[in-house]
$ cat final-v9.txt   # compact mmCIF, C-alpha atoms
# COMPACT_ATOMS: atom_id res chain seq x y z
CA MET A 1 171.41 6.79 131.86
CA CYS A 2 174.71 7.97 133.28
CA PRO A 3 175.05 8.88 136.95
CA ALA A 4 174.43 12.56 137.67
CA THR A 5 177.32 12.71 140.13
CA ARG A 6 180.54 10.81 140.15
CA ASP A 7 181.99 10.88 143.66
CA THR A 8 185.63 9.82 143.39
CA GLU A 9 186.46 10.50 147.03
CA LYS A 10 184.64 7.46 148.44
CA LEU A 11 185.43 4.59 146.09
CA PRO A 12 184.23 1.16 147.21
CA GLU A 13 186.75 -1.48 148.19
CA SER A 14 184.54 -4.40 147.17
CA MET A 15 185.86 -6.05 144.00
CA GLY A 16 182.33 -6.94 142.88
CA VAL A 17 181.04 -3.41 143.34
CA LEU A 18 184.10 -1.95 141.59
CA LEU A 19 183.69 -4.28 138.59
CA ARG A 20 180.00 -3.38 138.30
CA LEU A 21 180.74 0.36 138.56
CA VAL A 22 183.57 0.17 136.01
CA LYS A 23 181.26 -1.64 133.56
CA SER A 24 178.50 0.92 134.15
CA GLU A 25 180.86 3.87 133.64
CA LEU A 26 182.32 2.29 130.49
CA MET A 27 178.84 1.82 129.00
CA CYS A 28 178.00 5.41 129.89
CA ALA A 29 181.21 6.65 128.26
CA MET A 30 180.51 4.52 125.15
CA GLU A 31 177.07 6.06 124.80
CA GLU A 32 178.47 9.57 125.34
CA GLU A 33 180.98 8.86 122.55
CA LEU A 34 178.18 7.67 120.26
CA THR A 35 176.25 10.87 120.97
CA ALA A 36 179.38 12.92 120.24
CA GLN A 37 179.63 11.08 116.90
CA GLY A 38 176.02 12.09 116.14
CA VAL A 39 174.72 8.53 116.46
CA ASP A 40 171.34 8.11 118.15
CA LEU A 41 171.84 4.49 119.19
CA ARG A 42 172.73 2.75 122.40
CA HIS A 43 176.00 0.88 122.75
CA SER A 44 174.10 -2.43 122.85
CA GLN A 45 172.52 -1.67 119.48
CA VAL A 46 175.88 -0.81 117.90
CA HIS A 47 177.35 -3.96 119.47
CA ALA A 48 174.68 -6.07 117.74
CA LEU A 49 175.40 -4.37 114.39
CA ARG A 50 179.12 -4.97 114.85
CA CYS A 51 178.50 -8.65 115.63
CA LEU A 52 176.58 -8.99 112.36
CA TYR A 53 179.31 -7.11 110.52
CA LEU A 54 182.05 -9.40 111.83
CA SER A 55 180.15 -12.70 111.67
CA GLY A 56 177.82 -12.18 108.73
CA PRO A 57 174.10 -12.98 108.51
CA MET A 58 172.69 -15.20 111.22
CA SER A 59 169.44 -16.15 112.85
CA ALA A 60 167.98 -14.07 115.66
CA GLY A 61 168.69 -16.97 118.02
CA GLU A 62 172.34 -17.13 117.00
CA LEU A 63 172.69 -13.38 117.48
CA ALA A 64 170.96 -13.55 120.87
CA ARG A 65 173.37 -16.27 122.00
CA ALA A 66 176.37 -14.30 120.72
CA LEU A 67 175.24 -11.24 122.68
CA ALA A 68 173.89 -13.16 125.72
CA TYR A 69 170.38 -11.71 125.25
CA ASP A 70 167.06 -13.36 125.90
CA ALA A 71 164.65 -13.81 123.00
CA GLY A 72 162.39 -10.91 124.01
CA ALA A 73 165.24 -8.42 124.34
CA MET A 74 166.67 -9.60 121.02
CA THR A 75 163.35 -9.14 119.23
CA ARG A 76 162.98 -5.59 120.58
CA LEU A 77 166.54 -4.70 119.61
CA LEU A 78 166.10 -6.11 116.10
CA ASP A 79 162.78 -4.31 115.67
CA GLN A 80 164.42 -0.99 116.60
CA LEU A 81 167.38 -1.49 114.28
CA GLU A 82 165.21 -2.69 111.39
CA GLU A 83 162.89 0.31 111.84
CA ARG A 84 165.90 2.61 111.52
CA GLY A 85 167.04 0.81 108.38
CA TYR A 86 170.25 -0.71 109.77
CA LEU A 87 169.35 -4.34 109.15
CA HIS A 88 166.98 -6.66 107.29
CA ARG A 89 165.28 -9.90 108.16
CA ARG A 90 165.52 -12.14 105.11
CA PRO A 91 164.26 -15.68 104.47
CA ASP A 92 166.87 -18.32 105.27
CA PRO A 93 167.79 -20.07 101.99
CA ASP A 94 168.33 -23.35 103.87
CA ASP A 95 165.18 -23.26 106.02
CA ARG A 96 162.11 -21.51 104.66
CA ARG A 97 160.60 -21.32 108.17
CA ALA A 98 163.57 -19.29 109.48
CA LEU A 99 164.85 -15.76 108.97
CA ARG A 100 168.42 -14.53 108.64
CA ILE A 101 169.42 -11.18 110.08
CA GLU A 102 171.76 -9.17 107.87
CA LEU A 103 173.11 -5.66 107.82
CA SER A 104 171.73 -3.15 105.37
CA THR A 105 174.02 -0.85 103.42
CA SER A 106 173.47 1.90 106.00
CA GLY A 107 174.15 -0.55 108.85
CA THR A 108 177.45 -1.55 107.26
CA ALA A 109 178.38 2.11 106.72
CA LEU A 110 177.58 2.94 110.35
CA VAL A 111 179.69 0.08 111.72
CA ARG A 112 182.61 1.19 109.54
CA LYS A 113 182.18 4.81 110.68
CA LEU A 114 182.26 3.71 114.33
CA ALA A 115 185.12 1.23 113.95
CA ASP A 116 187.27 2.72 116.70
CA TYR A 117 184.88 4.47 119.09
CA LYS A 118 185.31 1.78 121.77
CA GLU A 119 189.10 2.00 121.56
CA ARG A 120 188.97 5.78 122.08
CA VAL A 121 186.82 5.31 125.19
CA LEU A 122 189.07 2.55 126.56
CA ASP A 123 192.18 4.62 125.92
CA ARG A 124 190.67 7.47 127.96
CA ALA A 125 189.54 5.07 130.70
CA LEU A 126 193.00 3.53 130.97
CA GLY A 127 194.78 6.86 130.71
CA ALA A 128 196.09 6.67 134.29
CA LEU A 129 197.86 3.35 133.57
CA ASP A 130 201.21 2.95 131.86
CA ASP A 131 201.84 0.21 129.28
CA GLU A 132 203.04 -2.34 131.85
CA GLU A 133 200.02 -1.71 134.11
CA ARG A 134 197.69 -2.13 131.13
CA ARG A 135 199.41 -5.41 130.24
CA ARG A 136 199.08 -6.67 133.82
CA LEU A 137 195.43 -5.62 134.05
CA THR A 138 194.70 -7.46 130.79
CA ASP A 139 196.52 -10.53 132.12
CA TYR A 140 194.57 -10.47 135.41
CA LEU A 141 191.21 -10.09 133.67
CA GLN A 142 192.03 -12.88 131.20
CA ARG A 143 192.95 -15.22 134.06
CA VAL A 144 189.73 -14.40 135.94
CA LEU A 145 187.72 -15.04 132.76
CA ILE A 146 189.45 -18.38 132.14
CA THR A 147 188.79 -19.44 135.73
CA LEU A 148 185.11 -18.49 135.49
CA ARG A 149 184.69 -20.31 132.17
CA GLN A 150 186.33 -23.45 133.54
CA SER A 151 184.13 -23.50 136.63
CA HIS A 152 180.92 -24.33 134.73
$ encode --input "final-v9.txt" --output "structure tokens"
Amino acid sequence: MCPATRDTEKLPESMGVLLRLVKSELMCAMEEELTAQGVDLRHSQVHALRCLYLSGPMSAGELARALAYDAGAMTRLLDQLEERGYLHRRPDPDDRRALRIELSTSGTALVRKLADYKERVLDRALGALDDEERRRLTDYLQRVLITLRQSH
């Protein structure tokens, strides 16, 4: 749920708080964009569909790892998407004990329909930055990510 008020007069100076708030506002804006597109799904659900679209069928465990979800959250998400007809659980041809998750025809159509919704939201979010500022912000975030990944 998006915040009811967005006070821009008293922005926090803490980097951690700012990063958390930016992520929260981006997710809110993504879900508002989905609603505007007439899609009754959360951004996390569309993200899972897009992962399947880009990577192809995979196990629930593989998808959970790709999305950094725990098994319980992944099962709930898959149940919701399967109930809506966006994906199927099929027997794995290489392991009869396992299932493969794959997009349905309507899941594929939805992902294609929503191909650029995230870019529209990001363009609005970065609207106050010129091209050079966007490039620098991308560079800074990439360097922070590299540092974090190297530290563990």
$ atom_distance --input "final-v9.txt" --atom1 "CA of Arg42 (chain A)" --atom2 "CA of Leu110 (chain A)"
13.0 Å
$ residues_around --input "final-v9.txt" --residues "region 82-87 of chain A" --least-positions-apart "2" --cutoff "8 Å" --atoms "only C-alpha atoms" --output "CSV table (one decimal) with C-alpha atoms, in the frame of the given file"
chain,number,residue,atom,x,y,z
A,49,LEU,CA,175.4,-4.4,114.4
A,78,LEU,CA,166.1,-6.1,116.1
A,79,ASP,CA,162.8,-4.3,115.7
A,80,GLN,CA,164.4,-1.0,116.6
A,89,ARG,CA,165.3,-9.9,108.2
A,101,ILE,CA,169.4,-11.2,110.1
A,102,GLU,CA,171.8,-9.2,107.9
A,103,LEU,CA,173.1,-5.7,107.8
A,104,SER,CA,171.7,-3.2,105.4
A,105,THR,CA,174.0,-0.8,103.4
A,106,SER,CA,173.5,1.9,106.0
A,107,GLY,CA,174.2,-0.6,108.8
A,108,THR,CA,177.4,-1.6,107.3
$ residues_around --input "final-v9.txt" --residues "region 126-128 of chain A" --least-positions-apart "4" --cutoff "12 Å" --atoms "all atoms listed in the file" --output "MDAnalysis selection string"
chainID A and resid 22 26 119:122 132:135 137:138
$ atom_distance --input "final-v9.txt" --atom1 "CA of Leu145 (chain A)" --atom2 "CA of Arg112 (chain A)"
28.8 Å
$ closest_residue --input "final-v9.txt" --among "A:Ala125, A:Met15, A:Ala64, A:Ala115" --to "Arg76 (chain A)" --atoms "only C-alpha atoms"
A:Ala64
$ atom_distance --input "final-v9.txt" --atom1 "CA of Pro93 (chain A)" --atom2 "CA of Leu77 (chain A)"
23.4 Å
$ residues_around --input "final-v9.txt" --residues "Cys51 (chain A)" --least-positions-apart "5" --cutoff "8 Å" --atoms "all atoms listed in the file" --output "MDAnalysis selection string"
chainID A and resid 56 63 66
$ closest_residue --input "final-v9.txt" --among "A:Lys113, A:Arg124, A:Lys118, A:Arg50" --to "Met27 (chain A)" --atoms "only C-alpha atoms"
A:Lys118
$ decode --input "final-v9.txt" --residues "region 4-144 of chain A" --atoms "C-alpha atoms" --output "PDB file, in the first residue's frame"
ATOM      1  CA  ALA A   4      -1.266   8.364   2.138  1.00  0.00           C
ATOM      2  CA  THR A   5       0.902  11.481   2.421  1.00  0.00           C
ATOM      3  CA  ARG A   6       4.200  12.246   0.834  1.00  0.00           C
ATOM      4  CA  ASP A   7       5.899  15.001   2.806  1.00  0.00           C
ATOM      5  CA  THR A   8       8.698  16.381   0.623  1.00  0.00           C
ATOM      6  CA  GLU A   9       9.611  19.214   2.985  1.00  0.00           C
ATOM      7  CA  LYS A  10      11.357  17.033   5.583  1.00  0.00           C
ATOM      8  CA  LEU A  11      13.412  14.523   3.625  1.00  0.00           C
ATOM      9  CA  PRO A  12      15.729  12.322   5.690  1.00  0.00           C
ATOM     10  CA  GLU A  13      19.476  12.734   5.370  1.00  0.00           C
ATOM     11  CA  SER A  14      20.254   9.115   6.233  1.00  0.00           C
ATOM     12  CA  MET A  15      21.421   7.219   3.143  1.00  0.00           C
ATOM     13  CA  GLY A  16      19.843   3.987   4.408  1.00  0.00           C
ATOM     14  CA  VAL A  17      16.484   5.612   5.043  1.00  0.00           C
ATOM     15  CA  LEU A  18      16.581   7.381   1.669  1.00  0.00           C
ATOM     16  CA  LEU A  19      17.362   4.133  -0.188  1.00  0.00           C
ATOM     17  CA  ARG A  20      14.511   2.342   1.593  1.00  0.00           C
ATOM     18  CA  LEU A  21      12.066   5.188   0.858  1.00  0.00           C
ATOM     19  CA  VAL A  22      13.111   5.396  -2.805  1.00  0.00           C
ATOM     20  CA  LYS A  23      12.570   1.632  -3.186  1.00  0.00           C
ATOM     21  CA  SER A  24       9.182   1.863  -1.460  1.00  0.00           C
ATOM     22  CA  GLU A  25       8.056   4.776  -3.641  1.00  0.00           C
ATOM     23  CA  LEU A  26       9.258   3.021  -6.803  1.00  0.00           C
ATOM     24  CA  MET A  27       7.281  -0.119  -5.921  1.00  0.00           C
ATOM     25  CA  CYS A  28       4.233   2.032  -5.214  1.00  0.00           C
ATOM     26  CA  ALA A  29       4.619   3.824  -8.551  1.00  0.00           C
ATOM     27  CA  MET A  30       5.053   0.469 -10.348  1.00  0.00           C
ATOM     28  CA  GLU A  31       1.825  -0.822  -8.849  1.00  0.00           C
ATOM     29  CA  GLU A  32       0.007   2.414  -9.707  1.00  0.00           C
ATOM     30  CA  GLU A  33       1.209   2.003 -13.302  1.00  0.00           C
ATOM     31  CA  LEU A  34      -0.046  -1.594 -13.368  1.00  0.00           C
ATOM     32  CA  THR A  35      -3.437  -0.416 -12.114  1.00  0.00           C
ATOM     33  CA  ALA A  36      -3.487   2.296 -14.787  1.00  0.00           C
ATOM     34  CA  GLN A  37      -2.807  -0.445 -17.365  1.00  0.00           C
ATOM     35  CA  GLY A  38      -5.823  -2.376 -16.034  1.00  0.00           C
ATOM     36  CA  VAL A  39      -3.677  -5.135 -14.535  1.00  0.00           C
ATOM     37  CA  ASP A  40      -4.782  -6.500 -11.164  1.00  0.00           C
ATOM     38  CA  LEU A  41      -1.387  -7.849 -10.124  1.00  0.00           C
ATOM     39  CA  ARG A  42       1.346  -6.669  -7.820  1.00  0.00           C
ATOM     40  CA  HIS A  43       4.730  -5.683  -9.182  1.00  0.00           C
ATOM     41  CA  SER A  44       6.292  -8.768  -7.543  1.00  0.00           C
ATOM     42  CA  GLN A  45       3.899 -11.022  -9.447  1.00  0.00           C
ATOM     43  CA  VAL A  46       4.682  -9.350 -12.773  1.00  0.00           C
ATOM     44  CA  HIS A  47       8.392  -9.556 -11.938  1.00  0.00           C
ATOM     45  CA  ALA A  48       8.084 -13.333 -11.503  1.00  0.00           C
ATOM     46  CA  LEU A  49       6.256 -13.650 -14.835  1.00  0.00           C
ATOM     47  CA  ARG A  50       8.926 -11.560 -16.541  1.00  0.00           C
ATOM     48  CA  CYS A  51      11.674 -13.743 -15.053  1.00  0.00           C
ATOM     49  CA  LEU A  52       9.980 -16.826 -16.524  1.00  0.00           C
ATOM     50  CA  TYR A  53       9.533 -15.045 -19.843  1.00  0.00           C
ATOM     51  CA  LEU A  54      13.221 -14.116 -20.061  1.00  0.00           C
ATOM     52  CA  SER A  55      14.700 -17.332 -18.644  1.00  0.00           C
ATOM     53  CA  GLY A  56      12.190 -19.950 -19.724  1.00  0.00           C
ATOM     54  CA  PRO A  57      10.681 -22.757 -17.646  1.00  0.00           C
ATOM     55  CA  MET A  58      12.369 -23.503 -14.343  1.00  0.00           C
ATOM     56  CA  SER A  59      11.729 -25.143 -11.024  1.00  0.00           C
ATOM     57  CA  ALA A  60      10.043 -23.265  -8.200  1.00  0.00           C
ATOM     58  CA  GLY A  61      13.343 -23.349  -6.321  1.00  0.00           C
ATOM     59  CA  GLU A  62      15.236 -21.822  -9.235  1.00  0.00           C
ATOM     60  CA  LEU A  63      12.632 -19.086  -9.565  1.00  0.00           C
ATOM     61  CA  ALA A  64      12.707 -18.425  -5.811  1.00  0.00           C
ATOM     62  CA  ARG A  65      16.498 -18.044  -5.925  1.00  0.00           C
ATOM     63  CA  ALA A  66      16.285 -15.745  -8.956  1.00  0.00           C
ATOM     64  CA  LEU A  67      13.786 -13.524  -7.143  1.00  0.00           C
ATOM     65  CA  ALA A  68      15.357 -13.877  -3.663  1.00  0.00           C
ATOM     66  CA  TYR A  69      12.130 -15.326  -2.204  1.00  0.00           C
ATOM     67  CA  ASP A  70      11.743 -17.954   0.470  1.00  0.00           C
ATOM     68  CA  ALA A  71       9.957 -21.187  -0.412  1.00  0.00           C
ATOM     69  CA  GLY A  72       6.698 -20.237   1.317  1.00  0.00           C
ATOM     70  CA  ALA A  73       6.430 -16.867  -0.404  1.00  0.00           C
ATOM     71  CA  MET A  74       7.257 -18.489  -3.747  1.00  0.00           C
ATOM     72  CA  THR A  75       4.553 -21.127  -3.329  1.00  0.00           C
ATOM     73  CA  ARG A  76       1.929 -18.473  -2.505  1.00  0.00           C
ATOM     74  CA  LEU A  77       2.962 -16.337  -5.469  1.00  0.00           C
ATOM     75  CA  LEU A  78       2.879 -19.316  -7.844  1.00  0.00           C
ATOM     76  CA  ASP A  79      -0.512 -20.420  -6.517  1.00  0.00           C
ATOM     77  CA  GLN A  80      -1.942 -16.944  -7.160  1.00  0.00           C
ATOM     78  CA  LEU A  81      -0.521 -16.720 -10.674  1.00  0.00           C
ATOM     79  CA  GLU A  82      -1.578 -20.258 -11.581  1.00  0.00           C
ATOM     80  CA  GLU A  83      -5.105 -19.588 -10.284  1.00  0.00           C
ATOM     81  CA  ARG A  84      -5.306 -16.575 -12.602  1.00  0.00           C
ATOM     82  CA  GLY A  85      -4.111 -18.650 -15.542  1.00  0.00           C
ATOM     83  CA  TYR A  86      -0.753 -16.935 -16.073  1.00  0.00           C
ATOM     84  CA  LEU A  87       1.430 -19.998 -15.554  1.00  0.00           C
ATOM     85  CA  HIS A  88       1.413 -23.790 -15.360  1.00  0.00           C
ATOM     86  CA  ARG A  89       3.235 -26.311 -13.237  1.00  0.00           C
ATOM     87  CA  ARG A  90       4.301 -29.136 -15.530  1.00  0.00           C
ATOM     88  CA  PRO A  91       6.200 -32.374 -14.828  1.00  0.00           C
ATOM     89  CA  ASP A  92       9.938 -31.999 -15.341  1.00  0.00           C
ATOM     90  CA  PRO A  93      10.946 -34.253 -18.266  1.00  0.00           C
ATOM     91  CA  ASP A  94      14.325 -34.924 -16.619  1.00  0.00           C
ATOM     92  CA  ASP A  95      13.071 -35.601 -13.078  1.00  0.00           C
ATOM     93  CA  ARG A  96       9.616 -37.077 -12.636  1.00  0.00           C
ATOM     94  CA  ARG A  97       9.565 -35.998  -8.965  1.00  0.00           C
ATOM     95  CA  ALA A  98       9.993 -32.317  -9.906  1.00  0.00           C
ATOM     96  CA  LEU A  99       7.803 -29.687 -11.539  1.00  0.00           C
ATOM     97  CA  ARG A 100       8.750 -26.999 -14.034  1.00  0.00           C
ATOM     98  CA  ILE A 101       7.075 -23.611 -13.921  1.00  0.00           C
ATOM     99  CA  GLU A 102       6.214 -22.176 -17.325  1.00  0.00           C
ATOM    100  CA  LEU A 103       4.200 -19.269 -18.621  1.00  0.00           C
ATOM    101  CA  SER A 104       0.803 -19.869 -20.130  1.00  0.00           C
ATOM    102  CA  THR A 105      -0.244 -18.140 -23.337  1.00  0.00           C
ATOM    103  CA  SER A 106      -2.008 -15.438 -21.320  1.00  0.00           C
ATOM    104  CA  GLY A 107       1.063 -15.015 -19.088  1.00  0.00           C
ATOM    105  CA  THR A 108       3.260 -14.501 -22.136  1.00  0.00           C
ATOM    106  CA  ALA A 109       0.768 -12.017 -23.611  1.00  0.00           C
ATOM    107  CA  LEU A 110       0.650 -10.066 -20.345  1.00  0.00           C
ATOM    108  CA  VAL A 111       4.445  -9.825 -20.072  1.00  0.00           C
ATOM    109  CA  ARG A 112       4.619  -8.571 -23.663  1.00  0.00           C
ATOM    110  CA  LYS A 113       1.852  -6.031 -22.989  1.00  0.00           C
ATOM    111  CA  LEU A 114       3.740  -4.712 -19.954  1.00  0.00           C
ATOM    112  CA  ALA A 115       7.181  -4.721 -21.577  1.00  0.00           C
ATOM    113  CA  ASP A 116       7.968  -1.087 -20.817  1.00  0.00           C
ATOM    114  CA  TYR A 117       5.899  -0.181 -17.752  1.00  0.00           C
ATOM    115  CA  LYS A 118       8.968  -0.138 -15.478  1.00  0.00           C
ATOM    116  CA  GLU A 119      10.861   2.130 -17.871  1.00  0.00           C
ATOM    117  CA  ARG A 120       7.972   4.623 -17.888  1.00  0.00           C
ATOM    118  CA  VAL A 121       7.976   4.708 -14.081  1.00  0.00           C
ATOM    119  CA  LEU A 122      11.765   5.100 -13.907  1.00  0.00           C
ATOM    120  CA  ASP A 123      11.710   7.863 -16.506  1.00  0.00           C
ATOM    121  CA  ARG A 124       9.184   9.769 -14.375  1.00  0.00           C
ATOM    122  CA  ALA A 125      11.169   9.095 -11.194  1.00  0.00           C
ATOM    123  CA  LEU A 126      14.391  10.357 -12.769  1.00  0.00           C
ATOM    124  CA  GLY A 127      12.708  13.299 -14.464  1.00  0.00           C
ATOM    125  CA  ALA A 128      14.557  15.851 -12.318  1.00  0.00           C
ATOM    126  CA  LEU A 129      17.954  14.510 -13.466  1.00  0.00           C
ATOM    127  CA  ASP A 130      19.685  15.352 -16.726  1.00  0.00           C
ATOM    128  CA  ASP A 131      21.479  12.695 -18.789  1.00  0.00           C
ATOM    129  CA  GLU A 132      24.844  13.224 -17.072  1.00  0.00           C
ATOM    130  CA  GLU A 133      23.276  13.009 -13.601  1.00  0.00           C
ATOM    131  CA  ARG A 134      21.497   9.792 -14.591  1.00  0.00           C
ATOM    132  CA  ARG A 135      24.782   8.350 -15.851  1.00  0.00           C
ATOM    133  CA  ARG A 136      26.558   9.296 -12.609  1.00  0.00           C
ATOM    134  CA  LEU A 137      23.754   7.882 -10.451  1.00  0.00           C
ATOM    135  CA  THR A 138      23.911   4.609 -12.401  1.00  0.00           C
ATOM    136  CA  ASP A 139      27.686   4.525 -11.970  1.00  0.00           C
ATOM    137  CA  TYR A 140      27.435   5.152  -8.204  1.00  0.00           C
ATOM    138  CA  LEU A 141      24.796   2.468  -7.713  1.00  0.00           C
ATOM    139  CA  GLN A 142      26.770  -0.050  -9.794  1.00  0.00           C
ATOM    140  CA  ARG A 143      29.888   0.595  -7.703  1.00  0.00           C
ATOM    141  CA  VAL A 144      27.953   0.176  -4.442  1.00  0.00           C
TER     142      VAL A 144
END
